[in-house]
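Q: Okay, so here is work-v3.tsv, and as you'll see once you scroll down, it has TSV, C-alpha atoms.
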chain	number	residue	atom	x	y	z
A	43	MET	CA	-4.93	-85.51	35.27
A	44	MET	CA	-1.72	-84.20	33.67
A	45	ASN	CA	-0.58	-86.01	30.54
A	46	LYS	CA	2.87	-87.48	30.95
A	47	ARG	CA	5.39	-86.91	28.20
A	48	LYS	CA	6.41	-90.23	26.66
A	49	ILE	CA	10.22	-90.21	26.52
A	50	CYS	CA	12.06	-93.14	24.97
A	51	VAL	CA	15.73	-93.89	25.61
A	52	VAL	CA	17.59	-95.88	22.95
A	53	SER	CA	20.65	-97.85	24.06
A	54	SER	CA	22.83	-99.87	21.70
A	55	SER	CA	25.77	-100.92	23.87
A	56	ARG	CA	27.27	-101.21	27.34
A	57	ALA	CA	29.15	-97.95	26.63
A	58	ASP	CA	26.16	-95.66	26.15
A	59	TYR	CA	24.19	-97.45	28.89
A	60	ASN	CA	26.93	-96.67	31.43
A	61	HIS	CA	26.40	-92.98	30.64
A	62	LEU	CA	22.61	-93.09	30.42
A	63	PHE	CA	21.95	-95.11	33.59
A	64	LEU	CA	21.37	-92.23	36.03
A	65	LEU	CA	19.29	-90.28	33.54
A	66	MET	CA	17.14	-93.35	32.96
A	67	GLN	CA	16.67	-93.70	36.72
A	68	ALA	CA	15.64	-90.06	37.01
A	69	LEU	CA	13.20	-90.37	34.09
A	70	LYS	CA	11.71	-93.50	35.63
A	71	GLN	CA	11.15	-91.68	38.93
A	72	SER	CA	9.72	-88.51	37.36
A	73	LYS	CA	5.95	-88.07	37.74
A	74	GLU	CA	5.92	-86.11	34.49
A	75	VAL	CA	7.48	-88.84	32.34
A	76	GLU	CA	6.36	-92.15	30.91
A	77	LEU	CA	9.72	-93.84	30.32
A	78	LYS	CA	10.15	-96.20	27.40
A	79	ILE	CA	13.34	-98.11	26.58
A	80	ILE	CA	14.55	-99.56	23.28
A	81	ALA	CA	17.55	-101.91	23.17
A	82	THR	CA	19.43	-102.58	19.95
A	83	GLY	CA	22.90	-102.95	18.44
A	84	MET	CA	25.60	-104.73	20.44
A	85	HIS	CA	23.20	-105.25	23.35
A	86	LEU	CA	21.44	-107.98	21.36
A	87	LEU	CA	24.52	-109.84	20.12
A	88	ARG	CA	25.42	-112.96	22.13
A	89	LYS	CA	29.06	-112.61	21.02
A	90	PHE	CA	29.27	-109.38	23.01
A	91	GLY	CA	27.57	-110.68	26.12
A	92	SER	CA	23.86	-110.03	25.41
A	93	THR	CA	24.25	-106.92	27.55
A	94	TYR	CA	20.59	-105.92	27.32
A	95	LYS	CA	20.24	-108.23	30.33
A	96	GLU	CA	22.23	-105.73	32.42
A	97	ILE	CA	19.53	-103.13	31.77
A	98	MET	CA	16.88	-105.55	33.00
A	99	ASN	CA	18.98	-106.56	36.02
A	100	ASP	CA	19.10	-102.88	37.02
A	101	GLY	CA	15.31	-102.90	37.32
A	102	PHE	CA	14.34	-101.36	33.98
A	103	HIS	CA	11.71	-102.73	31.63
A	104	ILE	CA	12.78	-102.89	27.99
A	105	ASP	CA	9.72	-102.00	25.93
A	106	ALA	CA	11.09	-102.97	22.53
A	107	PHE	CA	14.04	-104.54	20.76
A	108	ILE	CA	15.15	-103.37	17.33
A	109	GLU	CA	16.66	-106.60	16.07
A	110	ASN	CA	19.87	-106.88	14.08
A	111	GLN	CA	22.20	-109.68	13.02
A	112	CYS	CA	26.00	-109.78	12.85
A	113	SER	CA	27.32	-112.91	11.13
A	114	LYS	CA	30.82	-111.72	10.26
A	115	ASN	CA	32.93	-108.81	11.41
A	116	THR	CA	33.27	-106.74	8.24
A	117	SER	CA	32.07	-103.40	6.93
A	118	ASN	CA	29.37	-105.28	5.01
A	119	ALA	CA	28.22	-106.86	8.28
A	120	SER	CA	27.94	-103.38	9.78
A	121	LEU	CA	25.86	-102.34	6.79
A	122	GLN	CA	23.67	-105.40	7.38
A	123	ILE	CA	23.07	-104.26	10.98
A	124	ILE	CA	22.09	-100.81	9.68
A	125	SER	CA	19.80	-102.42	7.10
A	126	ASP	CA	18.14	-104.61	9.77
A	127	GLN	CA	17.52	-101.56	11.93
A	128	PHE	CA	16.00	-99.58	9.08
A	129	LYS	CA	13.74	-102.53	8.38
A	130	ASN	CA	12.64	-103.01	12.00
A	131	ALA	CA	12.73	-99.53	13.58
A	132	GLY	CA	9.71	-98.08	11.80
A	133	LYS	CA	7.26	-100.66	13.17
A	134	VAL	CA	8.62	-100.27	16.70
A	135	LEU	CA	8.34	-96.47	16.58
A	136	ASP	CA	4.81	-96.62	15.12
A	137	LYS	CA	3.69	-98.86	17.96
A	138	MET	CA	5.43	-96.87	20.70
A	139	LYS	CA	4.57	-93.34	19.50
A	140	PRO	CA	7.16	-91.52	21.67
A	141	ASP	CA	7.07	-87.75	22.20
A	142	ILE	CA	10.88	-87.60	22.37
A	143	ILE	CA	13.64	-90.07	21.54
A	144	ILE	CA	16.90	-89.84	23.54
A	145	ILE	CA	20.12	-90.84	21.81
A	146	LEU	CA	23.67	-90.68	23.18
A	147	GLY	CA	26.87	-90.64	21.18
A	148	ASP	CA	28.01	-91.57	17.73
A	149	ARG	CA	27.63	-95.25	16.90
A	150	TYR	CA	26.64	-96.49	13.45
A	151	ASP	CA	24.03	-98.75	15.03
A	152	ILE	CA	21.94	-95.81	16.26
A	153	LEU	CA	22.17	-93.71	13.09
A	154	PRO	CA	19.37	-95.61	11.24
A	155	ILE	CA	17.05	-95.16	14.24
A	156	VAL	CA	17.76	-91.44	14.25
A	157	LEU	CA	16.98	-91.27	10.53
A	158	CYS	CA	13.73	-93.15	11.08
A	159	CYS	CA	12.73	-90.70	13.82
A	160	HIS	CA	13.59	-87.76	11.57
A	161	ILE	CA	11.46	-89.12	8.72
A	162	LYS	CA	8.59	-89.88	11.12
A	163	ASN	CA	8.78	-86.37	12.62
A	164	ILE	CA	9.72	-87.61	16.12
A	165	PRO	CA	11.78	-85.06	18.11
A	166	ILE	CA	15.30	-86.27	18.93
A	167	ALA	CA	17.33	-85.28	22.00
A	168	HIS	CA	21.02	-85.99	21.45
A	169	PHE	CA	23.61	-86.20	24.22
A	170	HIS	CA	27.31	-85.44	23.72
A	171	GLY	CA	27.34	-83.87	20.28
A	172	GLY	CA	30.07	-81.44	19.23
A	173	GLU	CA	32.91	-83.74	20.21
A	174	ILE	CA	35.69	-84.85	17.88
A	175	THR	CA	37.25	-88.27	17.29
A	176	HIS	CA	38.68	-87.81	13.82
A	177	GLY	CA	40.51	-91.13	14.03
A	178	ALA	CA	37.23	-93.08	13.74
A	179	ILE	CA	34.18	-93.28	11.48
A	180	ASP	CA	32.13	-92.31	14.54
A	181	ASP	CA	33.18	-88.68	14.05
A	182	ALA	CA	31.11	-88.10	10.90
A	183	ILE	CA	28.25	-90.16	12.32
A	184	ARG	CA	28.15	-88.01	15.46
A	185	HIS	CA	27.92	-84.80	13.41
A	186	SER	CA	25.24	-86.37	11.21
A	187	ILE	CA	23.19	-87.25	14.29
A	188	THR	CA	23.58	-83.67	15.49
A	189	LYS	CA	22.08	-82.33	12.27
A	190	LEU	CA	19.17	-84.77	12.52
A	191	SER	CA	18.53	-83.94	16.18
A	192	ASP	CA	16.42	-81.16	17.67
A	193	ILE	CA	17.51	-80.87	21.32
A	194	HIS	CA	21.21	-80.94	22.12
A	195	PHE	CA	22.80	-81.74	25.49
A	196	VAL	CA	26.57	-81.16	25.31
A	197	ALA	CA	29.39	-81.66	27.80
A	198	SER	CA	31.31	-78.36	27.49
A	199	THR	CA	31.23	-74.83	26.07
A	200	VAL	CA	33.65	-75.89	23.33
A	201	PHE	CA	31.29	-78.66	22.23
A	202	LYS	CA	28.36	-76.23	22.36
A	203	LYS	CA	30.15	-73.90	19.93
A	204	ARG	CA	30.76	-76.78	17.53
A	205	VAL	CA	27.09	-77.72	17.52
A	206	GLN	CA	26.30	-74.06	16.77
A	207	GLN	CA	28.80	-74.17	13.91
A	208	LEU	CA	26.73	-76.99	12.42
A	209	GLY	CA	23.85	-74.53	12.14
A	210	GLU	CA	21.82	-75.57	15.20
A	211	ASN	CA	19.73	-73.09	17.14
A	212	PRO	CA	21.64	-72.03	20.31
A	213	LYS	CA	18.33	-71.87	22.17
A	214	ASN	CA	18.11	-75.65	21.91
A	215	ILE	CA	21.72	-76.39	22.91
A	216	TYR	CA	22.32	-77.01	26.61
A	217	ASN	CA	25.71	-77.42	28.27
A	218	VAL	CA	24.99	-79.96	31.01
A	219	GLY	CA	28.41	-81.58	31.46
A	220	SER	CA	29.24	-85.26	31.14
A	221	LEU	CA	26.69	-87.91	32.08
A	222	GLY	CA	29.54	-90.43	32.21
A	223	VAL	CA	31.45	-88.53	34.89
A	224	LEU	CA	28.25	-88.01	36.87
A	225	ALA	CA	27.57	-91.77	36.76
A	226	ILE	CA	31.06	-92.51	38.11
A	227	LYS	CA	30.54	-90.27	41.12
A	228	SER	CA	27.50	-92.28	42.17
A	229	THR	CA	28.85	-95.75	41.40
A	230	LYS	CA	29.35	-98.00	44.41
A	231	ILE	CA	32.99	-98.46	45.40
A	232	ILE	CA	33.93	-102.13	45.49
A	233	ALA	CA	36.96	-103.14	47.56
A	234	LYS	CA	40.07	-103.95	45.55
A	235	LYS	CA	40.35	-107.35	47.23
A	236	SER	CA	36.88	-108.30	45.98
A	237	ILE	CA	37.69	-107.24	42.42
A	238	LEU	CA	40.94	-109.20	42.43
A	239	GLN	CA	39.22	-112.33	43.72
A	240	LYS	CA	36.25	-112.12	41.36
A	241	TYR	CA	38.36	-111.78	38.21
A	242	LYS	CA	41.24	-114.00	39.37
A	243	ILE	CA	43.76	-111.17	39.18
A	244	THR	CA	47.03	-112.28	40.72
A	245	ALA	CA	49.17	-109.12	40.86
A	246	ARG	CA	49.29	-105.43	40.00
A	247	TYR	CA	47.22	-105.12	36.87
A	248	ILE	CA	46.58	-102.97	33.84
A	249	LEU	CA	43.21	-102.81	32.09
A	250	VAL	CA	43.39	-103.02	28.29
A	251	ALA	CA	40.42	-101.55	26.40
A	252	LEU	CA	41.29	-101.70	22.72
A	253	HIS	CA	38.90	-101.17	19.80
A	254	PRO	CA	39.59	-101.31	16.06
A	255	GLU	CA	40.89	-98.22	14.28
A	256	THR	CA	38.19	-97.69	11.68
A	257	ILE	CA	39.43	-94.88	9.47
A	258	ASN	CA	43.07	-95.70	8.72
A	259	ALA	CA	45.38	-98.66	8.12
A	260	ASP	CA	47.08	-98.65	11.54
A	261	ASN	CA	44.99	-101.39	13.14
A	262	ASP	CA	47.40	-104.29	12.52
A	263	LEU	CA	50.41	-102.23	13.61
A	264	ILE	CA	48.76	-101.15	16.86
A	265	ILE	CA	47.71	-104.70	17.71
A	266	LYS	CA	51.14	-106.18	17.00
A	267	SER	CA	53.05	-103.47	18.87
A	268	LEU	CA	50.80	-103.46	21.93
A	269	PHE	CA	50.70	-107.23	22.35
A	270	ASP	CA	54.48	-107.49	21.88
A	271	VAL	CA	54.85	-104.93	24.68
A	272	LEU	CA	52.39	-106.74	26.95
A	273	LYS	CA	54.30	-110.00	26.57
A	274	GLN	CA	57.33	-108.30	28.15
A	275	GLN	CA	55.47	-107.15	31.28
A	276	LYS	CA	56.29	-110.24	33.34
A	277	ASN	CA	55.18	-108.85	36.71
A	278	ILE	CA	51.93	-107.28	35.55
A	279	HIS	CA	48.55	-108.98	35.25
A	280	VAL	CA	46.70	-107.93	32.09
A	281	VAL	CA	42.91	-107.64	32.16
A	282	PHE	CA	41.42	-107.47	28.67
A	283	SER	CA	38.03	-105.90	28.11
A	284	ALA	CA	36.30	-107.14	24.94
A	285	PRO	CA	36.48	-104.81	21.92
A	286	ASN	CA	33.33	-103.36	20.41
A	287	SER	CA	31.61	-104.63	17.26
A	288	ASP	CA	33.51	-102.45	14.76
A	289	PRO	CA	35.05	-104.21	11.75
A	290	GLY	CA	38.50	-105.48	12.73
A	291	ASN	CA	37.66	-106.65	16.24
A	292	GLU	CA	38.27	-110.31	15.33
A	293	LYS	CA	42.00	-109.57	15.03
A	294	ILE	CA	41.98	-108.11	18.53
A	295	LEU	CA	40.04	-111.08	19.90
A	296	TYR	CA	42.44	-113.51	18.18
A	297	ASN	CA	45.44	-111.82	19.81
A	298	ILE	CA	43.72	-111.83	23.20
A	299	ASP	CA	43.09	-115.57	22.87
A	300	GLU	CA	46.72	-116.15	21.85
A	301	PHE	CA	47.97	-114.09	24.81
A	302	ARG	CA	45.66	-115.94	27.21
A	303	ASN	CA	46.95	-119.30	25.95
A	304	LEU	CA	50.55	-118.23	26.51
A	305	TYR	CA	50.09	-116.34	29.79
A	306	ALA	CA	46.96	-117.76	31.43
A	307	ASP	CA	48.37	-117.18	34.90
A	308	ARG	CA	48.72	-113.43	34.42
A	309	SER	CA	45.80	-112.47	32.20
A	310	SER	CA	42.01	-112.27	32.29
A	311	PHE	CA	39.38	-111.64	29.63
A	312	ILE	CA	36.05	-109.99	30.35
A	313	VAL	CA	33.33	-109.88	27.70
A	314	SER	CA	31.26	-107.44	29.75
A	315	ALA	CA	31.92	-106.69	33.41
A	316	GLY	CA	28.77	-104.67	33.91
A	317	ARG	CA	28.46	-101.03	34.88
A	318	GLU	CA	29.68	-101.15	38.50
A	319	ASP	CA	32.43	-103.73	38.10
A	320	PHE	CA	33.91	-102.00	35.05
A	321	ILE	CA	34.22	-98.69	36.89
A	322	ASN	CA	35.89	-100.45	39.82
A	323	LEU	CA	38.24	-102.35	37.52
A	324	ILE	CA	39.38	-98.94	36.28
A	325	ARG	CA	39.55	-97.62	39.85
A	326	HIS	CA	41.96	-100.30	41.08
A	327	ALA	CA	44.08	-100.63	37.93
A	328	GLU	CA	47.63	-99.33	37.76
A	329	LEU	CA	46.88	-98.04	34.29
A	330	VAL	CA	44.20	-98.15	31.58
A	331	VAL	CA	45.66	-98.81	28.13
A	332	GLY	CA	44.08	-98.71	24.69
A	333	ASN	CA	41.94	-96.40	22.57
A	334	SER	CA	38.57	-96.57	24.28
A	335	SER	CA	36.74	-93.46	25.46
A	336	SER	CA	37.10	-94.92	28.96
A	337	CYS	CA	40.75	-93.83	28.76
A	338	ILE	CA	39.59	-90.25	28.14
A	339	VAL	CA	36.47	-89.87	30.30
A	340	GLU	CA	36.16	-92.53	33.01
A	341	ALA	CA	39.81	-93.10	33.98
A	342	PRO	CA	40.64	-89.41	34.64
A	343	ALA	CA	37.40	-88.92	36.59
A	344	ILE	CA	38.37	-91.79	38.89
A	345	GLY	CA	42.00	-90.71	39.12
A	346	THR	CA	43.58	-93.63	37.26
A	347	ALA	CA	46.29	-92.86	34.72
A	348	SER	CA	45.68	-93.91	31.13
A	349	LEU	CA	47.70	-94.44	27.96
A	350	VAL	CA	45.89	-93.73	24.69
A	351	ILE	CA	47.34	-95.49	21.65
A	352	GLY	CA	46.87	-94.44	18.02
A	353	LYS	CA	44.43	-92.02	16.43
A	354	ARG	CA	40.98	-93.35	17.30
A	355	GLN	CA	40.40	-90.71	20.01
A	356	SER	CA	42.27	-87.90	18.26
A	357	GLY	CA	40.60	-84.55	18.83
A	358	ARG	CA	39.25	-85.17	22.31
A	359	PRO	CA	40.45	-82.90	25.13
A	360	LEU	CA	42.79	-84.70	27.53
A	361	ALA	CA	43.13	-84.50	31.31
A	362	SER	CA	46.61	-84.29	32.83
A	363	SER	CA	46.51	-87.99	33.76
A	364	VAL	CA	46.11	-89.07	30.11
A	365	SER	CA	49.20	-89.81	28.00
A	366	LYS	CA	49.18	-90.28	24.23
A	367	VAL	CA	51.47	-92.41	22.09
A	368	GLY	CA	51.71	-93.61	18.49
A	369	PHE	CA	51.71	-97.23	17.39
A	370	SER	CA	55.37	-98.26	17.36
A	371	TYR	CA	56.63	-100.92	19.77
A	372	ARG	CA	59.36	-98.65	21.12
A	373	ALA	CA	57.04	-95.72	21.80
A	374	ILE	CA	54.41	-97.84	23.55
A	375	ASN	CA	56.99	-99.79	25.55
A	376	ASN	CA	58.86	-96.70	26.77
A	377	LYS	CA	55.71	-94.83	27.77
A	378	LEU	CA	54.14	-97.87	29.47
A	379	LYS	CA	57.26	-98.51	31.57
A	380	LYS	CA	57.45	-94.85	32.56
A	381	LEU	CA	53.80	-94.72	33.64
A	382	LEU	CA	54.03	-97.96	35.63
A	383	ASN	CA	57.02	-96.62	37.54
A	384	GLN	CA	55.51	-93.32	38.62
A	385	LYS	CA	52.86	-92.41	41.14
A	386	HIS	CA	49.72	-90.59	40.04
A	387	LYS	CA	47.77	-88.10	42.07
A	388	LEU	CA	44.00	-87.98	41.92
A	389	ASN	CA	42.89	-85.16	39.65
A	390	SER	CA	40.78	-82.44	41.13
A	391	ASN	CA	37.59	-81.75	39.18
A	392	ASN	CA	39.18	-78.57	37.79
A	393	GLU	CA	41.89	-80.61	36.06
A	394	LEU	CA	39.44	-82.84	34.23
A	395	ALA	CA	38.71	-82.29	30.55
A	396	TYR	CA	35.19	-83.67	31.10
A	397	LYS	CA	33.27	-82.21	34.04
A	398	SER	CA	30.40	-83.93	35.82
A	399	SER	CA	26.88	-83.19	34.63
A	400	SER	CA	25.54	-80.27	36.61
A	401	SER	CA	22.00	-81.41	37.28
A	402	LEU	CA	19.75	-84.26	36.24
A	403	SER	CA	16.74	-82.23	37.38
A	404	LYS	CA	17.71	-79.50	34.87
A	405	ILE	CA	17.80	-82.06	32.06
A	406	ILE	CA	14.44	-83.54	33.12
A	407	LYS	CA	12.88	-80.07	33.23
A	408	ILE	CA	14.05	-79.30	29.70
A	409	LEU	CA	12.80	-82.64	28.39
A	410	THR	CA	9.38	-82.24	30.04
A	411	THR	CA	8.67	-78.53	29.49
A	412	LEU	CA	10.34	-77.56	26.22
A	413	SER	CA	7.67	-76.87	23.60
A	414	LEU	CA	7.75	-79.46	20.83
A	415	ASP	CA	5.47	-77.45	18.55
A	416	ASN	CA	7.26	-77.04	15.23
A	417	ILE	CA	10.57	-78.15	16.78
A	418	LYS	CA	11.25	-80.19	13.65
A	419	LEU	CA	10.68	-77.11	11.50
A	420	LYS	CA	14.16	-75.81	12.20
A	421	LYS	CA	16.24	-73.37	10.23
A	422	PHE	CA	19.98	-73.43	9.65
A	423	ILE	CA	21.42	-70.73	11.92
A	424	ASP	CA	24.58	-69.21	10.48
A	425	TYR	CA	27.40	-69.12	13.03
A	426	LYS	CA	28.68	-65.67	13.92
Go ahead and express the file in the form of structure tokens.
A:
Amino acid sequence: MMNKRKICVVSSSRADYNHLFLLMQALKQSKEVELKIIATGMHLLRKFGSTYKEIMNDGFHIDAFIENQCSKNTSNASLQIISDQFKNAGKVLDKMKPDIIIILGDRYDILPIVLCCHIKNIPIAHFHGGEITHGAIDDAIRHSITKLSDIHFVASTVFKKRVQQLGENPKNIYNVGSLGVLAIKSTKIIAKKSILQKYKITARYILVALHPETINADNDLIIKSLFDVLKQQKNIHVVFSAPNSDPGNEKILYNIDEFRNLYADRSSFIVSAGREDFINLIRHAELVVGNSSSCIVEAPAIGTASLVIGKRQSGRPLASSVSKVGFSYRAINNKLKKLLNQKHKLNSNNELAYKSSSSLSKIIKILTTLSLDNIKLKKFIDYK
């Protein structure tokens, strides 16, 4: 009987789970894989919707939780989460004994787990390295995870070159496209009427997905300018998606509450819509506004225009349907009005900055057949 390779997927938030969903399904169905799942980070925080339940509702078994606490929304609270994960991850990994750990992205709440795996000599497969978001602390964390990882799945040739520049062996870097775009293509289309009824949306609507700016002092300016602009959009319903757990999100939540109190008839707030509903909220929106990666990846793939505010996503490639603006009231107001008054054509796949992942079977084959002998004994490869 052939020994199955024990592959463990770590998910810390609704964002990475949306991207990992199809891969997790494929791993679960593979006869060569024993799938294990670890939930941590925002998934376990009630304030953010206890979104680990969405993983379970999709039919997956969560094998372990790496617990963390978040009492206040400050940089020290983030450090406390990291400390909790360092404290708890080792025991979980010792018990599970995975052959490979799969990590996606750049969040601070997966970095300690990656470090634990590195110290315990557990091979790490990292998805979506080589990207740039130099307006957020995630940028340095992503590159750090790349250096700690052993197998690299990237979304474009540009990103592959960047991973090589970090000294990684090109033989272990695979350009497989975007898992997020692939997930969108297979997500069930929900009728607009159903979405409007479910979320009590009363008119044309925009979806606001705003997270804190974490590496500069623009956060307060962005919040003030954007919410002042939104208050002037009398004929538009505003659907707010909850911000992530980064320090500064309480200011965003406070302004959402204030807006909802003033304009309850033309606003909605969603802590976590779930994978399918969120994609369809983007699909039927007039515009996606904010600084979330959903403005950069998901919205263009669906064909919905987006307006990216501030510097959080600076450095990412942009599709033709994505507009950028600074943080002044005038700039945001002018661009928002212009975008709401023009029609947008669905992008062809060739126009997208992020292309769909080419093949899940290719990824599974790499994960199940790549030799792990001495994979941790890697050398720094100088970039030529």
Q: Quick one: of A:Gly132, A:Pro342, A:Pro154, A:Gly209, who's nearest to Ser398 of chain A, counting only C-alpha atoms?
A: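 Closest candidate: A:Pro342.
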Q: Neighbours of Gly352 of chain A within 10 Å (all atoms listed in the file; same-chain residues fewer than 5 positions away dropped), as a list in words?
A: Gly177, Glu255, Asp260, Asn261, Leu263, Ile264, Gly332, Asn333, Lys366, Val367, Gly368, Phe369, Ser370 and Ile374 of chain A
Q: Please determine, counting only C-alpha atoms, which residue among A:Ala57, A:Leu378, A:Ile155, A:Ile123 has the shortest atom-to-atom distance to Gln274 of chain A.
A: A:Leu378
Q: A:Leu153, A:Met138, A:Ile174, A:Val331: which is nearest Val200 of chain A, counting all atoms listed in the file?
A: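 Under the stated criterion, the closest residue is A:Ile174.
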Q: Kindly give the distance, in Å, that separates atom CA of Thr244 of chain A and atom CA of Arg325 of chain A, rounded to a single decimal.
A: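 Those two atoms sit 16.5 Å apart.
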Q: Between atom CA of Lys397 of chain A and atom CA of Ser236 of chain A, what is the distance in Å, rounded to a tenth?
A: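 Between atom CA of Lys397 of chain A and atom CA of Ser236 of chain A the gap is 28.9 Å.
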Q: Name the closest residue to Leu157 of chain A among the candidates A:Ser191, A:Gln111, A:Ser228, A:Ser310; distances are taken between atoms, counting all atoms listed in the file.
A: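 Checking each of A:Ser191, A:Gln111, A:Ser228, A:Ser310 against Leu157 of chain A, counting all atoms listed in the file, the winner is A:Ser191.
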Q: Closest to Val218 of chain A among A:His168, A:Arg308, A:Lys230, A:His253, using only C-alpha atoms?
A: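 Residue with the minimum atom-to-atom distance to Val218 of chain A: A:His168.
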Q: Step by step: start from the point (16.1, -99.3, 30.8) in the file's coordinates, keep every protein, DNA or RNA residue that has an atom no farther than 6 Å from it, count all atoms listed in the file, and write the set as a list in words.
A: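 Using all atoms listed in the file, the matching residues come out as Ile79, Ile97, Phe102, His103 and Ile104 of chain A.
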Q: Store the residues picked out above, limited to C-alpha atoms, as a CSV table (one decimal), in the frame of the given file.
A:
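Here's the written file out39.csv:
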chain,number,residue,atom,x,y,z
A,79,ILE,CA,13.3,-98.1,26.6
A,97,ILE,CA,19.5,-103.1,31.8
A,102,PHE,CA,14.3,-101.4,34.0
A,103,HIS,CA,11.7,-102.7,31.6
A,104,ILE,CA,12.8,-102.9,28.0
Q: Could you check which of A:Lys426, A:Lys273, A:Lys420, A:Lys46 is closest to Asp192 of chain A, using only C-alpha atoms?
A: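 Between A:Lys426, A:Lys273, A:Lys420, A:Lys46, the residue approaching Asp192 of chain A most closely is A:Lys420.
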Q: Please report, as AutoDock Vina command-line options, the centre and edge lengths in Å to one decimal of an axis-aligned box covering all listed atoms of segment 259-263 of chain A with 3 Å per side.
A:
--center_x 47.7 --center_y -101.5 --center_z 10.9 --size_x 11.4 --size_y 11.6 --size_z 11.5
Q: Do you have the atom CA of Phe90 of chain A-atom CA of Phe311 of chain A distance handy?
A: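 Computed distance, atom CA of Phe90 of chain A to atom CA of Phe311 of chain A, equals 12.3 Å.
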Q: List as a list of chain:residue names the protein and nucleic acid residues near Leu62 of chain A, meaning an atom at most 8 Å away when only C-alpha atoms are counted, but skip any in the same chain fewer than 3 places from it.
A: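 The residues that qualify are A:Asp58, A:Tyr59, A:Leu65, A:Met66, A:Leu146, A:Leu221, A:Gly222.
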Q: The residues within 12 Å of (18.9, -103.9, 6.5), using only C-alpha atoms and the coordinates of the file, should be reported as a PyMOL selection string; which are they?
A: chain A and resi 108-112+118-131+151+154-155
Q: Hey, can you spit out that residue selection with C-alpha atoms as a short mmCIF file (atom, residue, chain, number, x, y, z; two decimals), in the coordinates of the input?
A:
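File out_31.cif, as written:
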data_model
loop_
_atom_site.label_atom_id
_atom_site.label_comp_id
_atom_site.auth_asym_id
_atom_site.auth_seq_id
_atom_site.Cartn_x
_atom_site.Cartn_y
_atom_site.Cartn_z
CA ILE A 108 15.15 -103.37 17.33
CA GLU A 109 16.66 -106.60 16.07
CA ASN A 110 19.87 -106.88 14.08
CA GLN A 111 22.20 -109.68 13.02
CA CYS A 112 26.00 -109.78 12.85
CA ASN A 118 29.37 -105.28 5.01
CA ALA A 119 28.22 -106.86 8.28
CA SER A 120 27.94 -103.38 9.78
CA LEU A 121 25.86 -102.34 6.79
CA GLN A 122 23.67 -105.40 7.38
CA ILE A 123 23.07 -104.26 10.98
CA ILE A 124 22.09 -100.81 9.68
CA SER A 125 19.80 -102.42 7.10
CA ASP A 126 18.14 -104.61 9.77
CA GLN A 127 17.52 -101.56 11.93
CA PHE A 128 16.00 -99.58 9.08
CA LYS A 129 13.74 -102.53 8.38
CA ASN A 130 12.64 -103.01 12.00
CA ALA A 131 12.73 -99.53 13.58
CA ASP A 151 24.03 -98.75 15.03
CA PRO A 154 19.37 -95.61 11.24
CA ILE A 155 17.05 -95.16 14.24
#
